[in-house]
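**Q** Here it is: the structure, laid out below.
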Amino acid sequence: MHFISQDLEDYIEQHSEREPALLAALNKETYQKILLPRMLSGHFQGRVLSMLAKLIRPVNILEIGTYTGYSALCLCEGMQENGILHTIDIKEELVDFQRKHFDKSPWSTQIVQHLGEATDVIPTLAIKFDLVFIDADKENYINYFEMIVPKMNKGGIILSDNVLWSGKVLDEIHPNDLSTKTLVEYNNLLRDDPRVETVLLPIRDGLTVSRIL
């Protein structure tokens with residue numbers, strides 16, 4: 001869903017930082033070879049993720065939902081020299097595709113792939129994170145948040161993608177639409193939870209920035 005006109009979206013992209021060649025190639029190959037390429041963060045949102053990471057300067061990053069690895073590489077752009085990014089996904093068929101592009105980047109040895117359910121993987125990570133990006137199954141957003149908060153450093157940032165859900169958060173919720181129901185509850189949680197301060201940005205399909213207090 002386009003919340004602003006396509007012409008304005010094009011203008012915004014044209015007046016933002018250019019997409020790096022490595023990411024442009026990954027973008028192109030995702031559209032050529034992978035199902036549901038719309039799941040890719042893409043040029044503009046990727047530059048937003050990169051800029052936020054550069055402002056935060058994280059050492060440890062957690063990404064929930066790798067897909068083809070585009071957003072992981074964007075987040076790595078702001079990671080400190082000794083940093084590590086842990087990324088979790090359930091799709092075994094994408095692991096080699098991700099790794100091929102990770103290995104072309106300067107952060108090949110700093111990206112750790114985890115295959116499995118994030119609710120199983122997160123408890124095994126004995127790490128404090130400075131930056132987390134949630135972009136996976138919407139039904140588990142609240143579960144992910146509750147598991148992540150105790151693993152965050154004070155002042156750490158949680159980014160949550162797709163929180164506007166094509167505008168469906170404003171519609172009457174169908175009883176069987178668990179994704180929309182959960183996202184509405186999640187957005188209310190982020191607004192009201194005293195452990196975080198939150199701003200919801202109308203970027204692409206909605207991106208929430210939550211800071212650990």
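For the structure tokens, the naming scheme is as follows: chains receive sequential letters (A, B, ...) according to their order of presentation, residues are indexed from 1 within each chain, and ligands are indexed from 1 in presentation order.
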Out of stretch 165-199 of chain A, which residues get strand (DSSP E) from DSSP, as an NGL selection string?
**A** :A and (196-199)
**Q** Under the rule of at most 9 Å, produce a per-residue listing of stretch 10-128 of chain A near stretch 194-212 of chain A: chain, number, name, the closest pair of atoms, and the distance in Å, as a tab-separated table, using only C-alpha atoms.
**A**
```
residue	atom	partner	partner_atom	distance
A:Ser41	CA	A:Arg204	CA	8.9
A:Phe44	CA	A:Arg204	CA	8.5
A:Gln45	CA	A:Arg204	CA	7.0
A:Val48	CA	A:Ile203	CA	8.8
```
**Q** Near A:Lys33, counting only C-alpha atoms, which residues have an atom at most 12 Å away, once you skip same-chain residues fewer than 5 positions from it, shown as a ChimeraX atom specification?
**A** /A:26-28,68,93-94,97
**Q** Looking at only C-alpha atoms, which of A:Asn143, A:Thr119, A:Gln110, A:Thr87 is the one that sits closest to A:Ser71?
**A**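 Closest to A:Ser71, using only C-alpha atoms: A:Thr87.
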**Q** Using only C-alpha atoms, find each residue in stretch 55-122 of chain A having at least one atom no more than 12 Å away from stretch 159-164 of chain A; report its shortest atom-to-atom pair and that distance in Å (one decimal), rows by chain then rising number, as JSON lines.
**A**
```
{"residue": "A:Ile56", "atom": "CA", "partner": "A:Leu159", "partner_atom": "CA", "distance": 11.8}
{"residue": "A:Ile61", "atom": "CA", "partner": "A:Leu159", "partner_atom": "CA", "distance": 11.0}
{"residue": "A:Leu62", "atom": "CA", "partner": "A:Leu159", "partner_atom": "CA", "distance": 10.3}
{"residue": "A:Glu63", "atom": "CA", "partner": "A:Leu159", "partner_atom": "CA", "distance": 9.4}
{"residue": "A:Ile64", "atom": "CA", "partner": "A:Ser160", "partner_atom": "CA", "distance": 9.7}
{"residue": "A:Gly65", "atom": "CA", "partner": "A:Asp161", "partner_atom": "CA", "distance": 10.3}
{"residue": "A:Ser71", "atom": "CA", "partner": "A:Asp161", "partner_atom": "CA", "distance": 11.0}
{"residue": "A:Leu75", "atom": "CA", "partner": "A:Leu159", "partner_atom": "CA", "distance": 11.0}
```
**Q** Save out the residues we just selected, C-alpha atoms, as a short mmCIF file (atom, residue, chain, number, x, y, z; two decimals), in the first residue's frame.
**A**
```
data_model
loop_
_atom_site.label_atom_id
_atom_site.label_comp_id
_atom_site.auth_asym_id
_atom_site.auth_seq_id
_atom_site.Cartn_x
_atom_site.Cartn_y
_atom_site.Cartn_z
CA ILE A 56 23.48 4.32 17.10
CA ILE A 61 22.87 -6.29 16.56
CA LEU A 62 20.01 -8.78 16.42
CA GLU A 63 17.82 -9.15 13.35
CA ILE A 64 14.67 -11.27 13.48
CA GLY A 65 13.78 -12.16 9.89
CA SER A 71 18.48 -5.27 5.77
CA LEU A 75 22.50 -2.43 9.55
#
```
**Q** Between A:His114, A:Lys181, A:Lys151, A:His43, which has the minimum distance to A:Lys138 (counting only C-alpha atoms)?
**A**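 Closest candidate: A:Lys181.
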**Q** I need the residues in stretch 16-208 of chain A that are helix (DSSP H, G or I) according to DSSP; give them as a ChimeraX atom specification.
**A** /A:21-33,37-39,42-56,70-76,92-102,108-110,118-124,138-151,165-170,178-192
**Q** Counting only C-alpha atoms, figure out which residue out of A:Leu23, A:Ser179, A:Ile157, A:Pro150 gets nearest to A:Val132.
**A**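 Of A:Leu23, A:Ser179, A:Ile157, A:Pro150, the one nearest A:Val132, counting only C-alpha atoms, is A:Ile157.
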**Q** Between A:Phe102, A:Phe3, A:Tyr11, A:Phe145, which one has atoms that come closest to A:Asn187, using only C-alpha atoms?
**A**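 When distances to A:Asn187 are compared using only C-alpha atoms, the smallest one comes from A:Phe145.
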**Q** Which residues come within 12 Å of A:Val184, counting only C-alpha atoms, excluding same-chain residues fewer than 2 positions away, as a list of chain:residue names?
**A**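 Contacts, in chain order: A:Lys138, A:Glu139, A:Tyr141, A:Ile142, A:Asn162, A:Val163, A:Leu164, A:Trp165, A:Gly167, A:Lys168, A:Val169, A:Leu170, A:Asp171, A:Glu172, A:Ile173, A:Asp177, A:Leu178, A:Ser179, A:Thr180, A:Lys181, A:Thr182, A:Tyr186, A:Asn187, A:Asn188, A:Leu189, A:Leu190, A:Arg191.
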**Q** Using only C-alpha atoms, which residue out of A:Ile127, A:Met39, A:Ile134, A:Val121 lies closest to A:Val59?
**A**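 Between A:Ile127, A:Met39, A:Ile134, A:Val121, the residue approaching A:Val59 most closely is A:Ile127.
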**Q** Identify, on the basis of only C-alpha atoms, every residue whose closest approach to A:Phe129 does not exceed 6 Å; exclude the query and any residue fewer than 5 positions from it along the same chain; express the result as a ChimeraX atom specification.
**A** /A:60-61,152-153
**Q** Quick one: residues within 12 Å of A:Lys91, only C-alpha atoms counted, chain neighbours fewer than 4 positions away excluded, as a ChimeraX atom specification?
**A** /A:34-35,65-68,95-98,113-118,136
**Q** Could you take the residues named above and write them with C-alpha atoms, as a PDB file, in the first residue's frame?
**A**
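In the end it all went to out_29.pdb:
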```pdb
ATOM      1  CA  ILE A  34      13.174 -15.340  -4.854  1.00  0.00           C
ATOM      2  CA  LEU A  35       9.481 -15.577  -4.040  1.00  0.00           C
ATOM      3  CA  GLY A  65      13.776 -12.158   9.895  1.00  0.00           C
ATOM      4  CA  THR A  66      16.715 -12.278   7.475  1.00  0.00           C
ATOM      5  CA  TYR A  67      14.920 -12.911   4.172  1.00  0.00           C
ATOM      6  CA  THR A  68      17.676 -12.444   1.542  1.00  0.00           C
ATOM      7  CA  VAL A  95      20.694 -19.642   3.877  1.00  0.00           C
ATOM      8  CA  ASP A  96      23.153 -20.119   0.995  1.00  0.00           C
ATOM      9  CA  PHE A  97      21.691 -17.161  -0.919  1.00  0.00           C
ATOM     10  CA  GLN A  98      22.175 -14.936   2.120  1.00  0.00           C
ATOM     11  CA  GLN A 113      23.224 -16.787  10.677  1.00  0.00           C
ATOM     12  CA  HIS A 114      20.777 -18.695  12.857  1.00  0.00           C
ATOM     13  CA  LEU A 115      18.315 -21.112  11.266  1.00  0.00           C
ATOM     14  CA  GLY A 116      15.158 -21.856  13.236  1.00  0.00           C
ATOM     15  CA  GLU A 117      12.251 -20.324  15.104  1.00  0.00           C
ATOM     16  CA  ALA A 118      13.281 -17.038  16.681  1.00  0.00           C
ATOM     17  CA  ALA A 136       9.350 -11.515  10.855  1.00  0.00           C
TER      18      ALA A 136
END
```
